[in-house]
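This is upload-v8.cif. It holds mmCIF, C-alpha atoms.
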data_entry
loop_
_atom_site.group_PDB
_atom_site.id
_atom_site.type_symbol
_atom_site.label_atom_id
_atom_site.label_comp_id
_atom_site.auth_asym_id
_atom_site.auth_seq_id
_atom_site.Cartn_x
_atom_site.Cartn_y
_atom_site.Cartn_z
ATOM 1 C CA MET A 1316 122.117 21.320 108.934
ATOM 2 C CA SER A 1317 120.456 24.674 108.331
ATOM 3 C CA THR A 1318 121.498 26.354 105.083
ATOM 4 C CA LYS A 1319 120.932 30.054 104.457
ATOM 5 C CA ILE A 1320 122.479 31.367 101.257
ATOM 6 C CA TRP A 1321 120.550 34.618 101.135
ATOM 7 C CA GLU A 1322 121.969 35.942 97.869
ATOM 8 C CA ALA A 1323 123.692 33.952 95.148
ATOM 9 C CA TYR A 1324 123.777 33.767 91.376
ATOM 10 C CA ILE A 1325 124.549 31.237 88.705
ATOM 11 C CA VAL A 1326 126.431 32.302 85.584
ATOM 12 C CA LYS A 1327 124.238 31.558 82.574
ATOM 13 C CA PRO A 1328 125.708 28.881 80.311
ATOM 14 C CA ASP A 1329 126.179 31.169 77.294
ATOM 15 C CA HIS A 1330 128.506 33.553 79.187
ATOM 16 C CA ASP A 1331 132.231 33.262 79.852
ATOM 17 C CA VAL A 1332 132.811 33.400 83.613
ATOM 18 C CA TRP A 1333 136.042 35.421 83.328
ATOM 19 C CA GLU A 1334 134.412 38.081 81.144
ATOM 20 C CA VAL A 1335 131.539 38.235 83.644
ATOM 21 C CA LEU A 1336 133.946 38.694 86.555
ATOM 22 C CA TRP A 1337 135.887 41.365 84.672
ATOM 23 C CA ASP A 1338 132.635 43.253 84.075
ATOM 24 C CA ILE A 1339 131.598 42.866 87.736
ATOM 25 C CA ARG A 1340 134.948 44.176 88.979
ATOM 26 C CA ARG A 1341 134.896 47.159 86.634
ATOM 27 C CA ARG A 1342 131.320 48.150 87.516
ATOM 28 C CA ALA A 1343 131.765 47.561 91.244
ATOM 29 C CA GLU A 1344 134.957 49.648 91.362
ATOM 30 C CA LYS A 1345 133.136 52.480 89.567
ATOM 31 C CA ASN A 1346 130.365 52.338 92.202
ATOM 32 C CA VAL A 1347 132.929 52.284 95.018
ATOM 33 C CA ARG A 1348 134.774 55.337 93.647
ATOM 34 C CA LYS A 1349 131.496 57.224 93.305
ATOM 35 C CA THR A 1350 130.560 56.475 96.927
ATOM 36 C CA LEU A 1351 134.028 57.377 98.224
ATOM 37 C CA THR A 1352 134.070 60.627 96.239
ATOM 38 C CA LYS A 1353 130.789 61.635 97.869
ATOM 39 C CA LEU A 1354 132.117 60.636 101.300
ATOM 40 C CA TYR A 1355 135.393 62.545 100.868
ATOM 41 C CA ASN A 1356 133.505 65.691 99.838
ATOM 42 C CA GLU A 1357 131.246 65.350 102.888
ATOM 43 C CA LEU A 1358 134.315 64.922 105.125
ATOM 44 C CA LEU A 1359 135.885 68.070 103.664
ATOM 45 C CA GLU A 1360 132.714 70.016 104.421
ATOM 46 C CA ASP A 1361 132.470 68.522 107.910
ATOM 47 C CA ALA A 1362 136.101 69.465 108.624
ATOM 48 C CA LYS A 1363 135.199 73.129 108.119
ATOM 49 C CA ARG A 1364 132.640 73.054 110.937
ATOM 50 C CA PRO A 1365 133.468 73.857 114.560
ATOM 51 C CA PRO A 1366 134.587 70.699 116.446
ATOM 52 C CA LYS A 1367 131.333 70.305 118.381
ATOM 53 C CA ALA A 1368 129.266 70.609 115.192
ATOM 54 C CA ARG A 1369 131.091 67.863 113.281
ATOM 55 C CA GLU A 1370 129.053 64.779 112.466
ATOM 56 C CA LEU A 1371 131.294 62.462 110.478
ATOM 57 C CA PHE A 1372 134.483 62.193 112.490
ATOM 58 C CA SER A 1373 134.993 59.625 115.217
ATOM 59 C CA THR A 1374 135.163 61.540 118.493
ATOM 60 C CA SER A 1375 137.950 59.291 119.736
ATOM 61 C CA GLU A 1376 140.161 59.807 116.691
ATOM 62 C CA ILE A 1377 139.602 63.260 115.237
ATOM 63 C CA PRO A 1378 142.423 63.875 112.757
ATOM 64 C CA ASP A 1379 144.359 67.111 112.378
ATOM 65 C CA LEU A 1380 141.931 69.142 110.300
ATOM 66 C CA VAL A 1381 144.367 71.903 109.357
ATOM 67 C CA ASP A 1382 144.615 71.898 105.547
ATOM 68 C CA PHE A 1383 142.308 68.866 105.474
ATOM 69 C CA GLY A 1384 141.985 67.737 101.851
ATOM 70 C CA TYR A 1385 141.246 64.676 99.751
ATOM 71 C CA LEU A 1386 144.426 62.833 100.696
ATOM 72 C CA GLN A 1387 143.744 63.371 104.402
ATOM 73 C CA ALA A 1388 140.134 62.239 103.889
ATOM 74 C CA SER A 1389 141.405 59.092 102.187
ATOM 75 C CA ARG A 1390 143.843 58.401 105.022
ATOM 76 C CA TYR A 1391 141.094 58.905 107.622
ATOM 77 C CA VAL A 1392 138.707 56.518 105.836
ATOM 78 C CA GLN A 1393 141.449 53.921 105.353
ATOM 79 C CA ASP A 1394 142.319 54.074 109.055
ATOM 80 C CA GLN A 1395 138.677 53.637 110.075
ATOM 81 C CA TYR A 1396 138.294 50.742 107.635
ATOM 82 C CA ARG A 1397 141.525 49.054 108.752
ATOM 83 C CA GLN A 1398 140.313 49.056 112.362
ATOM 84 C CA THR A 1399 137.226 46.993 111.420
ATOM 85 C CA VAL A 1400 139.131 44.190 109.684
ATOM 86 C CA GLY A 1401 138.962 41.022 111.734
ATOM 87 C CA LYS A 1402 136.248 42.332 114.042
ATOM 88 C CA SER A 1403 132.803 40.763 114.228
ATOM 89 C CA GLU A 1404 130.991 44.037 114.963
ATOM 90 C CA ARG A 1405 129.251 45.750 112.077
ATOM 91 C CA SER A 1406 129.848 49.421 111.378
ATOM 92 C CA ILE A 1407 129.758 51.915 108.535
ATOM 93 C CA TRP A 1408 133.509 51.305 108.098
ATOM 94 C CA ASP A 1409 133.068 47.592 107.303
ATOM 95 C CA MET A 1410 133.973 48.174 103.668
ATOM 96 C CA SER A 1411 135.527 44.961 102.343
ATOM 97 C CA VAL A 1412 133.809 44.034 99.089
ATOM 98 C CA ALA A 1413 134.278 40.733 97.273
ATOM 99 C CA VAL A 1414 132.560 38.145 95.106
ATOM 100 C CA VAL A 1415 133.240 34.476 95.816
ATOM 101 C CA VAL A 1416 133.158 32.001 92.925
ATOM 102 C CA ARG A 1417 132.328 28.317 93.400
ATOM 103 C CA ARG A 1418 132.229 25.542 90.818
ATOM 104 C CA PRO A 1419 129.804 22.732 91.663
ATOM 105 C CA SER A 1420 130.500 20.926 88.379
ATOM 106 C CA ARG A 1421 132.366 21.424 85.122
ATOM 107 C CA GLY A 1422 131.104 24.465 83.244
ATOM 108 C CA ARG A 1423 128.828 25.674 86.051
ATOM 109 C CA TYR A 1424 129.756 28.630 88.286
ATOM 110 C CA LEU A 1425 128.040 30.084 91.342
ATOM 111 C CA LEU A 1426 128.697 33.583 92.692
ATOM 112 C CA ILE A 1427 128.078 34.844 96.220
ATOM 113 C CA PRO A 1428 128.464 38.602 96.769
ATOM 114 C CA TYR A 1429 130.002 39.921 99.988
ATOM 115 C CA PRO A 1430 129.449 43.710 99.937
ATOM 116 C CA GLY A 1431 130.210 44.356 103.608
ATOM 117 C CA SER A 1432 127.770 45.983 106.000
ATOM 118 C CA GLY A 1433 129.140 49.519 105.727
ATOM 119 C CA LEU A 1434 129.195 52.473 103.393
ATOM 120 C CA LEU A 1435 129.945 50.369 100.307
ATOM 121 C CA ASN A 1436 127.254 47.739 100.784
ATOM 122 C CA GLY A 1437 125.333 48.925 97.710
ATOM 123 C CA SER A 1438 128.288 48.543 95.348
ATOM 124 C CA LEU A 1439 127.196 45.074 94.149
ATOM 125 C CA ALA A 1440 123.449 45.747 93.929
ATOM 126 C CA PHE A 1441 123.646 45.696 90.120
ATOM 127 C CA LEU A 1442 124.206 41.917 90.217
ATOM 128 C CA ARG A 1443 120.439 41.460 90.607
ATOM 129 C CA ARG A 1444 119.990 42.876 87.100
ATOM 130 C CA HIS A 1445 123.149 41.524 85.441
ATOM 131 C CA LYS A 1446 122.293 39.946 82.079
ATOM 132 C CA ALA A 1447 124.803 37.110 82.558
ATOM 133 C CA LEU A 1448 123.479 36.030 85.965
ATOM 134 C CA ALA A 1449 120.370 34.300 87.285
ATOM 135 C CA ASP A 1450 119.232 34.184 90.901
ATOM 136 C CA PHE A 1451 120.423 31.017 92.659
ATOM 137 C CA HIS A 1452 119.927 31.649 96.383
ATOM 138 C CA TYR A 1453 118.950 28.674 98.531
ATOM 139 C CA GLN A 1454 117.664 27.931 102.027
ATOM 140 C CA ASN A 1455 116.608 24.597 103.452
ATOM 141 C CA GLN A 1456 115.015 25.819 106.698
ATOM 142 C CA THR A 1457 111.977 27.437 105.081
ATOM 143 C CA ASP A 1458 109.420 26.770 102.349
ATOM 144 C CA ARG A 1459 110.557 27.427 98.812
ATOM 145 C CA PRO A 1460 109.594 30.831 97.388
ATOM 146 C CA SER A 1461 106.340 30.770 95.430
ATOM 147 C CA ASN A 1462 108.002 32.166 92.311
ATOM 148 C CA ILE A 1463 110.387 29.171 92.030
ATOM 149 C CA THR A 1464 109.110 25.801 90.837
ATOM 150 C CA ALA A 1465 109.584 22.697 92.964
ATOM 151 C CA GLN A 1466 111.822 21.216 90.256
ATOM 152 C CA ALA A 1467 114.032 24.345 90.143
ATOM 153 C CA TRP A 1468 114.257 24.460 93.958
ATOM 154 C CA GLU A 1469 115.263 20.794 94.086
ATOM 155 C CA TRP A 1470 117.960 21.488 91.479
ATOM 156 C CA ARG A 1471 119.312 24.265 93.700
ATOM 157 C CA ALA A 1472 119.337 21.895 96.673
ATOM 158 C CA ARG A 1473 121.245 19.234 94.687
ATOM 159 C CA THR A 1474 123.710 21.866 93.445
ATOM 160 C CA TRP A 1475 124.435 23.576 96.777
ATOM 161 C CA GLU A 1476 124.401 20.679 99.234
ATOM 162 C CA PRO A 1477 127.677 18.985 98.136
ATOM 163 C CA LEU A 1478 129.429 22.369 98.429
ATOM 164 C CA LEU A 1479 128.359 22.832 102.045
ATOM 165 C CA ASP A 1480 130.616 20.128 103.474
ATOM 166 C CA ASP A 1481 133.413 21.612 105.558
ATOM 167 C CA ASP A 1482 136.020 20.358 103.126
ATOM 168 C CA ARG A 1483 134.291 21.585 99.948
ATOM 169 C CA TRP A 1484 133.273 24.980 101.401
ATOM 170 C CA GLN A 1485 136.952 25.985 101.322
ATOM 171 C CA ASP A 1486 137.115 25.410 97.553
ATOM 172 C CA LYS A 1487 136.493 28.889 96.216
ATOM 173 C CA LEU A 1488 138.061 31.752 94.327
ATOM 174 C CA GLU A 1489 137.641 35.311 95.550
ATOM 175 C CA LEU A 1490 137.342 38.384 93.370
ATOM 176 C CA SER A 1491 138.522 41.071 95.793
ATOM 177 C CA ILE A 1492 137.138 44.499 94.937
ATOM 178 C CA VAL A 1493 137.879 46.449 98.129
ATOM 179 C CA SER A 1494 140.546 45.354 100.583
ATOM 180 C CA VAL A 1495 143.061 47.070 102.847
ATOM 181 C CA GLU A 1496 145.926 45.847 100.665
ATOM 182 C CA GLY A 1497 144.235 46.882 97.406
ATOM 183 C CA TRP A 1498 142.888 50.241 98.582
ATOM 184 C CA PHE A 1499 145.053 52.146 96.093
ATOM 185 C CA ARG A 1500 143.142 50.549 93.182
ATOM 186 C CA ILE A 1501 139.770 52.001 94.149
ATOM 187 C CA ASP A 1502 140.779 55.184 95.997
ATOM 188 C CA PRO A 1503 139.690 58.308 94.042
ATOM 189 C CA ALA A 1504 141.734 60.714 96.205
ATOM 190 C CA TRP A 1505 144.569 61.424 93.743
ATOM 191 C CA ASP A 1506 142.147 61.891 90.838
ATOM 192 C CA LEU A 1507 140.185 64.358 92.956
ATOM 193 C CA VAL A 1508 143.376 66.259 93.842
ATOM 194 C CA ARG A 1509 144.360 66.461 90.169
ATOM 195 C CA LYS A 1510 140.897 67.711 89.225
ATOM 196 C CA GLN A 1511 141.065 70.273 92.035
ATOM 197 C CA LEU A 1512 144.460 71.542 90.818
ATOM 198 C CA LYS A 1513 143.234 71.832 87.227
ATOM 199 C CA ALA A 1514 140.367 74.025 88.420
ATOM 200 C CA LEU A 1515 142.726 76.529 90.036
ATOM 201 C CA PRO A 1516 143.090 79.888 88.230
#
Output the file's structure in the form of C-alpha cells.
Amino acid sequence: MSTKIWEAYIVKPDHDVWEVLWDIRRRAEKNVRKTLTKLYNELLEDAKRPPKARELFSTSEIPDLVDFGYLQASRYVQDQYRQTVGKSERSIWDMSVAVVVRRPSRGRYLLIPYPGSGLLNGSLAFLRRHKALADFHYQNQTDRPSNITAQAWEWRARTWEPLLDDDRWQDKLELSIVSVEGWFRIDPAWDLVRKQLKALP
C-alpha cells in the first residue's frame, strides 16, 4: 500500500505532549485571528466599492452591504466557510484547522497538521520550527530524502506502518483549532467592534 504522510512531527521525549498542544493551540489561534482581522478589514473596504468593482464577495451571495461592519463580515465569512464543510472541492473558504495526535507506543506521540486549503492554511506553519517537535514525515513510494539516514528512515517506517491499518488509523485525538461549532473562540469580530467604539470621539 502506498503511504504518503507529507507533513508530520514527533514530540521530542523531553517535552510534555499536553503542554506542547496547549502552546500549538494558543499560537495557531493567534495566527488565525490575525488573518481574519486582515480579511475583515479588506471586506469592509471592498463593501464600500460599487457592486461591479467588488473583488471579495461571492457574486451569487452578495450580502446586504448597508452598514456593513465587522459583525457582518464575520457572518459572511462564517457562511462561506460553512458551505465548504463536507465538500471535496478546495476553495479559499476551506478553513477548518486541526492537529491530529497519534500514539504509536507508550510515551511517543506523532502529530499531523491539517491546516485546510483556504485562507488559514498558513496558521500552522510555525510547527516546522517548534522547539518541541522534530520532522517525522514518511512515504514508502519514493526514495528516502538524502538528509535522513537509512536507519532513521527505517525507524519511521516501523513507527508509521502499524498505524496505517484501517482499524488503527481511527485511533487518534484531534486538537480542533478552527471549526464551525467553535468559530466563536477564534473570531476577532467583537474585539474589533470594541476597539472601533473606543476610538470614537
Let me make sure I understand: among A:Gly1384, A:Pro1428, A:Pro1419, A:Gly1433, which one has the smallest atom-to-atom distance to A:Ile1407 if we use only C-alpha atoms? A:Gly1433
I would like the residues chosen by the PyMOL selection byres ((chain A and resi 1445) around 10) on the shown file; could you give them as a list in words?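 Evaluating the PyMOL selection byres ((chain A and resi 1445) around 10) on these coordinates yields Tyr1324, Val1326, Val1335, Asp1338, Ile1339, Ala1440, Phe1441, Leu1442, Arg1443, Arg1444, Lys1446, Ala1447, Leu1448, Ala1449 and Asp1450 of chain A.
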Write out the residues from the selection above, keeping C-alpha atoms, as a short mmCIF file (atom, residue, chain, number, x, y, z; two decimals), in the frame of the given file.
data_model
loop_
_atom_site.label_atom_id
_atom_site.label_comp_id
_atom_site.auth_asym_id
_atom_site.auth_seq_id
_atom_site.Cartn_x
_atom_site.Cartn_y
_atom_site.Cartn_z
CA TYR A 1324 123.78 33.77 91.38
CA VAL A 1326 126.43 32.30 85.58
CA VAL A 1335 131.54 38.24 83.64
CA ASP A 1338 132.64 43.25 84.08
CA ILE A 1339 131.60 42.87 87.74
CA ALA A 1440 123.45 45.75 93.93
CA PHE A 1441 123.65 45.70 90.12
CA LEU A 1442 124.21 41.92 90.22
CA ARG A 1443 120.44 41.46 90.61
CA ARG A 1444 119.99 42.88 87.10
CA LYS A 1446 122.29 39.95 82.08
CA ALA A 1447 124.80 37.11 82.56
CA LEU A 1448 123.48 36.03 85.96
CA ALA A 1449 120.37 34.30 87.28
CA ASP A 1450 119.23 34.18 90.90
#
Could you make a table, as a tab-separated table, of the residues of stretch 1484-1506 of chain A that have an atom within 10 Å of an atom of stretch 1350-1369 of chain A, each with its nearest atom pair and distance in Å to one decimal, counting all atoms listed in the file, in chain and number order?
residue	atom	partner	partner_atom	distance
A:Ile1501	CA	A:Leu1351	CA	8.9
A:Asp1502	CA	A:Leu1351	CA	7.4
A:Pro1503	CA	A:Thr1352	CA	6.5
A:Ala1504	CA	A:Thr1352	CA	7.7
A:Asp1506	CA	A:Thr1352	CA	9.8
With distances taken over all atoms listed in the file, which residue among A:Leu1507, A:Leu1512, A:Val1332, A:Val1412 lies nearest A:Ser1389?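 The shortest atom-to-atom distance to A:Ser1389 comes from A:Leu1507.
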Which residues are near stretch 1472-1487 of chain A? Cut-off 9 Å, all atoms listed in the file, ignore same chain within fewer than 2 positions. Put them as a VMD selection string. chain A and resid 1318 1415 to 1420 1453 to 1455 1467 to 1470 1489
With distances taken over all atoms listed in the file, which of A:Leu1386, A:Leu1435, A:Ile1320, A:Leu1336 is nearest to A:Phe1499?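 Distance minimum relative to A:Phe1499 lands on A:Leu1386.
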Grab the atom CA of A:Asp1329 to atom CA of A:His1452 distance for me, in Å with one decimal place.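 Computing the Euclidean distance for atom CA of A:Asp1329 and atom CA of A:His1452 yields 20.1 Å.
The interatomic distance for the pair atom CA of A:Ser1432 and atom CA of A:Asp1409 works out to 5.7 Å.
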For A:Ser1406, which residue among A:Ile1463, A:Leu1434, A:Leu1488, A:Val1347 is the nearest when counting only C-alpha atoms? A:Leu1434
Within 12 Å of A:Asp1394 using only C-alpha atoms, minus same-chain residues under 2 positions, as a compact mmCIF listing (two decimals) with C-alpha atoms, in the coordinates of the input:
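Written output follows (result_29.txt):
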# COMPACT_ATOMS: atom_id res chain seq x y z
CA PHE A 1372 134.48 62.19 112.49
CA SER A 1373 134.99 59.62 115.22
CA GLU A 1376 140.16 59.81 116.69
CA ILE A 1377 139.60 63.26 115.24
CA PRO A 1378 142.42 63.88 112.76
CA GLN A 1387 143.74 63.37 104.40
CA ALA A 1388 140.13 62.24 103.89
CA SER A 1389 141.40 59.09 102.19
CA ARG A 1390 143.84 58.40 105.02
CA TYR A 1391 141.09 58.90 107.62
CA VAL A 1392 138.71 56.52 105.84
CA TYR A 1396 138.29 50.74 107.64
CA ARG A 1397 141.52 49.05 108.75
CA GLN A 1398 140.31 49.06 112.36
CA THR A 1399 137.23 46.99 111.42
CA VAL A 1400 139.13 44.19 109.68
CA TRP A 1408 133.51 51.30 108.10
CA ASP A 1409 133.07 47.59 107.30
CA MET A 1410 133.97 48.17 103.67
CA VAL A 1495 143.06 47.07 102.85
CA TRP A 1498 142.89 50.24 98.58
So how far away is atom CA of A:Ser1438 from atom CA of A:Arg1348, in Å? 9.5 Å
